[in-house]
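Trainee: Dumping the structure here so I can ask a few things about it.
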Amino acid sequence: MILAGGQGTRLRPLTLARAKPVVPLLNRPFLAYQLALLRAHGVSDVILACSYRVDDVRAALGDGAELGVRLRYVVEGEPLGTGGGVRNAADLVSGTLFVLNGDILTDADLSAMRALHESRGSRTTIYLQPVPDPRQYGLVETAADGRLRAFREKPTADEEITTNTINAGIYLIDAPLLQRIPRDRASSIEREFFPALIADGIPCYGWCPTAYWRDIGNPAAYRAAQIDMLHGRAAMPLSAPGRPRDGSWLAGGGSVAPDAQIVAPSVVGAGAMLGPRCRVGPGAVVGDGARIGPDARVEGSVLWERVDVGAGAVLQDCVVGADARIGAHAHVGPEVALESGAVVPERATLTR
Ligand code: GTP
């Protein structure tokens, strides 16, 4: 089951026009990578717990056939949070299920997680990730044998920071336990369900692999995840769409001027048009149908579909939503995130 119903407020303005679970990563909807990972570990039946902008999710993923999985959608009338969202779909599951936050990019070996769950007799296993600064996350304390001892959500006081392992947002849960979550009211799986399991002495374990892991929930992390993928730092079972060429991926169907440069690693989407003398890359993701004007430069930046970059414009380490227009000779600087449909005037300079 994938939790895919959050509003994604930290990823605004990108999530004003598209649900976070299907924002594009290297020109594929984000969840395509999670579904490929699940499939690589033998999971082919997936329930999406949805609420906010469910139509975006359906439009991007359909019934899952193209990705080799069967997708079912369960939609909340009112957002029920991470606990209520899982509970709302619990009648469709039995046995043991993976539950994933729909904003985690990882190449973790989920089969090894399942092996640990079974060998320990665990009833809920949580993927734990060490991070340098755990303050913005939920901390999880474990005993020496990996059994979960305590949860601390987003601690602020230094004395509360007792570990650097955080809840990585991927769980294995014995389905009957989900009946403990109250029906039809909002609740939090992290703040209510897990702590109650520990308090009641139910065996729950942490699993701490060495793997690529990133929460794509804010614009900087969303961009960085794609730079990581371009550089091969995540061993994903799904690559960017298109043919590999000289260290980049080109989907074709558009046009590339003879003197345009594509500097690897980059991704150029289907039907994109690259004008004379423009330079795309390194670290550029050009969306399907985008147009890069003459002499423009796009480096370290992610452009969604049909973005139009004017002549001589410079885009550096930024994210640009679908159908945005960047005026000629404008400059868009590091970590700027522009919403879909934005219009940047000629010669304007945008910085963060
Ligand atoms: P922020 O508003 O930026 O914190 O993002 P978010 O709304 O996605 O919240 P958060 O990152 O805490 O959510 C973790 C996961 O739970 C994400 O995959 C969300 O899509 C999902 N989620 C959050 N709230 C709900 C909800 O009310 N219903 C469902 N079905 N999923 C939710």
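Simple scheme: letters A, B, ... for chains in structure tokens order, numbers from 1 for residues in each chain, numbers from 1 for ligands in the order shown.
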Tell me, counting only C-alpha atoms and all ligand atoms, for each residue of chain A within 7 Å of ligand 1, which pair of atoms is nearest and how far apart they are in Å to one decimal, in rows ordered by chain and increasing number, as a Markdown table.

Mentor:
```
| residue | atom | partner | partner_atom_place_in_ligand_line | distance |
| --- | --- | --- | --- | --- |
| A:Leu3 | CA | ligand 1 | 31 (N) | 4.4 |
| A:Ala4 | CA | ligand 1 | 20 (O) | 3.7 |
| A:Gly5 | CA | ligand 1 | 31 (N) | 3.4 |
| A:Gly6 | CA | ligand 1 | 7 (O) | 3.2 |
| A:Gln7 | CA | ligand 1 | 7 (O) | 3.9 |
| A:Gly8 | CA | ligand 1 | 5 (O) | 3.3 |
| A:Thr9 | CA | ligand 1 | 2 (O) | 3.7 |
| A:Arg10 | CA | ligand 1 | 3 (O) | 3.5 |
| A:Leu11 | CA | ligand 1 | 3 (O) | 5.7 |
| A:Lys20 | CA | ligand 1 | 20 (O) | 6.8 |
| A:Pro21 | CA | ligand 1 | 20 (O) | 6.6 |
| A:Ala49 | CA | ligand 1 | 30 (N) | 4.2 |
| A:Cys50 | CA | ligand 1 | 30 (N) | 4.2 |
| A:Ser51 | CA | ligand 1 | 30 (N) | 5.4 |
| A:Glu76 | CA | ligand 1 | 30 (N) | 6.7 |
| A:Pro79 | CA | ligand 1 | 27 (O) | 3.7 |
| A:Leu80 | CA | ligand 1 | 27 (O) | 4.2 |
| A:Gly81 | CA | ligand 1 | 27 (O) | 3.2 |
| A:Thr82 | CA | ligand 1 | 32 (C) | 4.9 |
| A:Gly85 | CA | ligand 1 | 30 (N) | 4.2 |
| A:Val86 | CA | ligand 1 | 30 (N) | 6.9 |
| A:Asn101 | CA | ligand 1 | 18 (O) | 3.8 |
| A:Gly102 | CA | ligand 1 | 18 (O) | 3.4 |
| A:Asp103 | CA | ligand 1 | 18 (O) | 5.0 |
| A:Gly217 | CA | ligand 1 | 3 (O) | 5.9 |
| A:Asn218 | CA | ligand 1 | 3 (O) | 6.9 |
```

Trainee: Restricting it to C-alpha atoms, dump the selection as a compact mmCIF listing (two decimals), in the first residue's frame.

Mentor:
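The new file selection-v4.txt reads:
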```txt
# COMPACT_ATOMS: atom_id res chain seq x y z
CA LEU A 3 0.21 6.54 0.99
CA ALA A 4 -0.43 8.99 -1.80
CA GLY A 5 -2.96 11.46 -0.43
CA GLY A 6 -0.93 14.25 1.20
CA GLN A 7 -1.11 17.86 0.07
CA GLY A 8 2.67 18.10 -0.25
CA THR A 9 2.82 21.59 1.23
CA ARG A 10 6.62 21.56 1.51
CA LEU A 11 6.89 20.90 -2.20
CA LYS A 20 3.40 14.96 -5.11
CA PRO A 21 3.32 11.18 -5.80
CA ALA A 49 -4.42 5.42 -0.56
CA CYS A 50 -5.37 8.73 -2.12
CA SER A 51 -7.07 11.99 -1.26
CA GLU A 76 -10.73 9.36 1.24
CA PRO A 79 -7.98 13.51 4.30
CA LEU A 80 -7.52 10.95 7.08
CA GLY A 81 -3.78 11.38 7.65
CA THR A 82 -1.22 8.60 7.44
CA GLY A 85 -5.49 6.61 5.16
CA VAL A 86 -4.05 3.14 5.75
CA ASN A 101 5.13 6.92 2.04
CA GLY A 102 4.64 8.08 -1.51
CA ASP A 103 7.61 10.44 -1.44
CA GLY A 217 9.27 16.27 -0.19
CA ASN A 218 10.74 19.76 -0.76
```

Trainee: Can you pull out every residue within 10 Å of A:Thr165, counting only C-alpha atoms, but drop anything in the same chain fewer than 6 positions away, and send it as a list in words?

Mentor: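 In the requested form, the answer reads Tyr127, Leu128, Gln129, Pro130, Val131, Pro132, Asp133, Pro134, Tyr137, Gly138, Leu139, Val140, Glu141, Thr142, Gly206 and Cys208 of chain A.
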
Trainee: With N, CA, C and O atoms kept, could you save the residues just selected as an mmCIF file, in the first residue's frame?

Mentor:
```cif
data_model
loop_
_atom_site.group_PDB
_atom_site.id
_atom_site.type_symbol
_atom_site.label_atom_id
_atom_site.label_comp_id
_atom_site.auth_asym_id
_atom_site.auth_seq_id
_atom_site.Cartn_x
_atom_site.Cartn_y
_atom_site.Cartn_z
ATOM 1 N N TYR A 127 11.730 0.495 8.288
ATOM 2 C CA TYR A 127 13.017 0.812 7.649
ATOM 3 C C TYR A 127 13.570 2.054 8.356
ATOM 4 O O TYR A 127 12.932 3.099 8.400
ATOM 5 N N LEU A 128 14.773 1.920 8.893
ATOM 6 C CA LEU A 128 15.416 3.035 9.608
ATOM 7 C C LEU A 128 16.596 3.536 8.785
ATOM 8 O O LEU A 128 17.373 2.745 8.244
ATOM 9 N N GLN A 129 16.726 4.820 8.730
ATOM 10 C CA GLN A 129 17.788 5.410 7.923
ATOM 11 C C GLN A 129 18.625 6.332 8.796
ATOM 12 O O GLN A 129 18.072 7.223 9.451
ATOM 13 N N PRO A 130 19.949 6.160 8.812
ATOM 14 C CA PRO A 130 20.779 7.129 9.529
ATOM 15 C C PRO A 130 20.879 8.423 8.721
ATOM 16 O O PRO A 130 21.064 8.364 7.506
ATOM 17 N N VAL A 131 20.728 9.564 9.362
ATOM 18 C CA VAL A 131 20.882 10.853 8.666
ATOM 19 C C VAL A 131 21.740 11.775 9.523
ATOM 20 O O VAL A 131 21.751 11.656 10.756
ATOM 21 N N PRO A 132 22.463 12.709 8.886
ATOM 22 C CA PRO A 132 23.339 13.602 9.659
ATOM 23 C C PRO A 132 22.553 14.511 10.602
ATOM 24 O O PRO A 132 22.979 14.746 11.727
ATOM 25 N N ASP A 133 21.417 15.036 10.156
ATOM 26 C CA ASP A 133 20.648 15.940 11.014
ATOM 27 C C ASP A 133 19.201 15.440 11.106
ATOM 28 O O ASP A 133 18.381 15.697 10.230
ATOM 29 N N PRO A 134 18.909 14.711 12.188
ATOM 30 C CA PRO A 134 17.608 14.052 12.244
ATOM 31 C C PRO A 134 16.455 14.954 12.699
ATOM 32 O O PRO A 134 15.315 14.496 12.755
ATOM 33 N N TYR A 137 12.889 15.031 11.212
ATOM 34 C CA TYR A 137 12.254 13.737 10.968
ATOM 35 C C TYR A 137 11.745 13.144 12.284
ATOM 36 O O TYR A 137 11.939 13.709 13.358
ATOM 37 N N GLY A 138 11.149 11.956 12.167
ATOM 38 C CA GLY A 138 10.772 11.196 13.361
ATOM 39 C C GLY A 138 11.915 10.260 13.723
ATOM 40 O O GLY A 138 12.381 9.500 12.890
ATOM 41 N N LEU A 139 12.394 10.377 14.975
ATOM 42 C CA LEU A 139 13.497 9.507 15.405
ATOM 43 C C LEU A 139 12.948 8.181 15.907
ATOM 44 O O LEU A 139 11.870 8.128 16.485
ATOM 45 N N VAL A 140 13.738 7.125 15.708
ATOM 46 C CA VAL A 140 13.324 5.823 16.211
ATOM 47 C C VAL A 140 14.484 5.233 16.996
ATOM 48 O O VAL A 140 15.588 5.103 16.473
ATOM 49 N N GLU A 141 14.218 4.888 18.271
ATOM 50 C CA GLU A 141 15.255 4.260 19.099
ATOM 51 C C GLU A 141 15.039 2.763 19.118
ATOM 52 O O GLU A 141 13.906 2.295 19.235
ATOM 53 N N THR A 142 16.165 2.043 19.026
ATOM 54 C CA THR A 142 16.065 0.575 19.048
ATOM 55 C C THR A 142 16.969 0.007 20.138
ATOM 56 O O THR A 142 17.948 0.635 20.554
ATOM 57 N N GLY A 206 13.388 -2.690 13.895
ATOM 58 C CA GLY A 206 13.906 -1.749 12.912
ATOM 59 C C GLY A 206 14.804 -2.501 11.943
ATOM 60 O O GLY A 206 15.458 -3.482 12.316
ATOM 61 N N CYS A 208 17.858 -1.613 9.215
ATOM 62 C CA CYS A 208 18.727 -0.481 8.875
ATOM 63 C C CYS A 208 19.713 -0.900 7.779
ATOM 64 O O CYS A 208 20.825 -1.334 8.072
#
```

Trainee: Write down as a PyMOL selection string the residues of stretch 25-111 of chain A whose backbone DSSP state falls under strand (DSSP E or B).

Mentor: chain A and resi 25+28-29+45-50+70-75+96-101+104-106

Trainee: What is the atom CA of A:Arg18 to atom CA of A:Asp91 distance in Å?

Mentor: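 That distance, rounded to one decimal, is 28.3 Å.
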
Trainee: Give me every alpha helix (DSSP H) residue in stretch 175-217 of chain A, going by DSSP on the backbone, as a list in words.

Mentor: Phe194, Pro195, Ala196, Leu197, Ile198 and Ala199 of chain A

Trainee: Measuring between only C-alpha atoms, which one of A:Arg243, A:Arg147, A:Arg233, A:Arg114 shows the shortest distance to A:Ile198?

Mentor: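 Distance minimum relative to A:Ile198 lands on A:Arg147.
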
Trainee: Residues near A:Ala240, anyone? I mean within 9 Å using only C-alpha atoms, not counting same-chain ones fewer than 2 positions away, as a ChimeraX atom specification.

Mentor: /A:25-28,229-230,238,242-244,249-251,267

Trainee: Using only C-alpha atoms, which residues sit within 7 Å of A:Val319 once same-chain residues fewer than 2 positions away are excluded, as a compact mmCIF listing (two decimals) with C-alpha atoms, in the first residue's frame?

Mentor:
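Output below, filename result.txt:
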```
# COMPACT_ATOMS: atom_id res chain seq x y z
CA ARG A 223 15.92 18.41 -7.58
CA SER A 301 17.82 22.20 -13.59
CA VAL A 302 14.58 20.29 -13.95
CA LEU A 303 12.07 21.51 -16.52
CA GLY A 321 6.75 23.68 -13.58
CA VAL A 336 14.23 28.71 -7.32
CA ALA A 337 11.04 26.64 -7.91
CA LEU A 338 8.56 28.09 -10.38
```

Trainee: Quick check, in Å to one decimal: how far apart do atom CA of A:Ser122 and atom CA of A:Ala168 lie?

Mentor: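 Answer for the atom CA of A:Ser122 to atom CA of A:Ala168 separation: 17.5 Å.
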
Trainee: Could you tell me how far atom CA of A:Arg135 sits from atom CA of A:Ser187, in Å to one decimal place?

Mentor: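 Distance reported for this atom pair: 21.8 Å.
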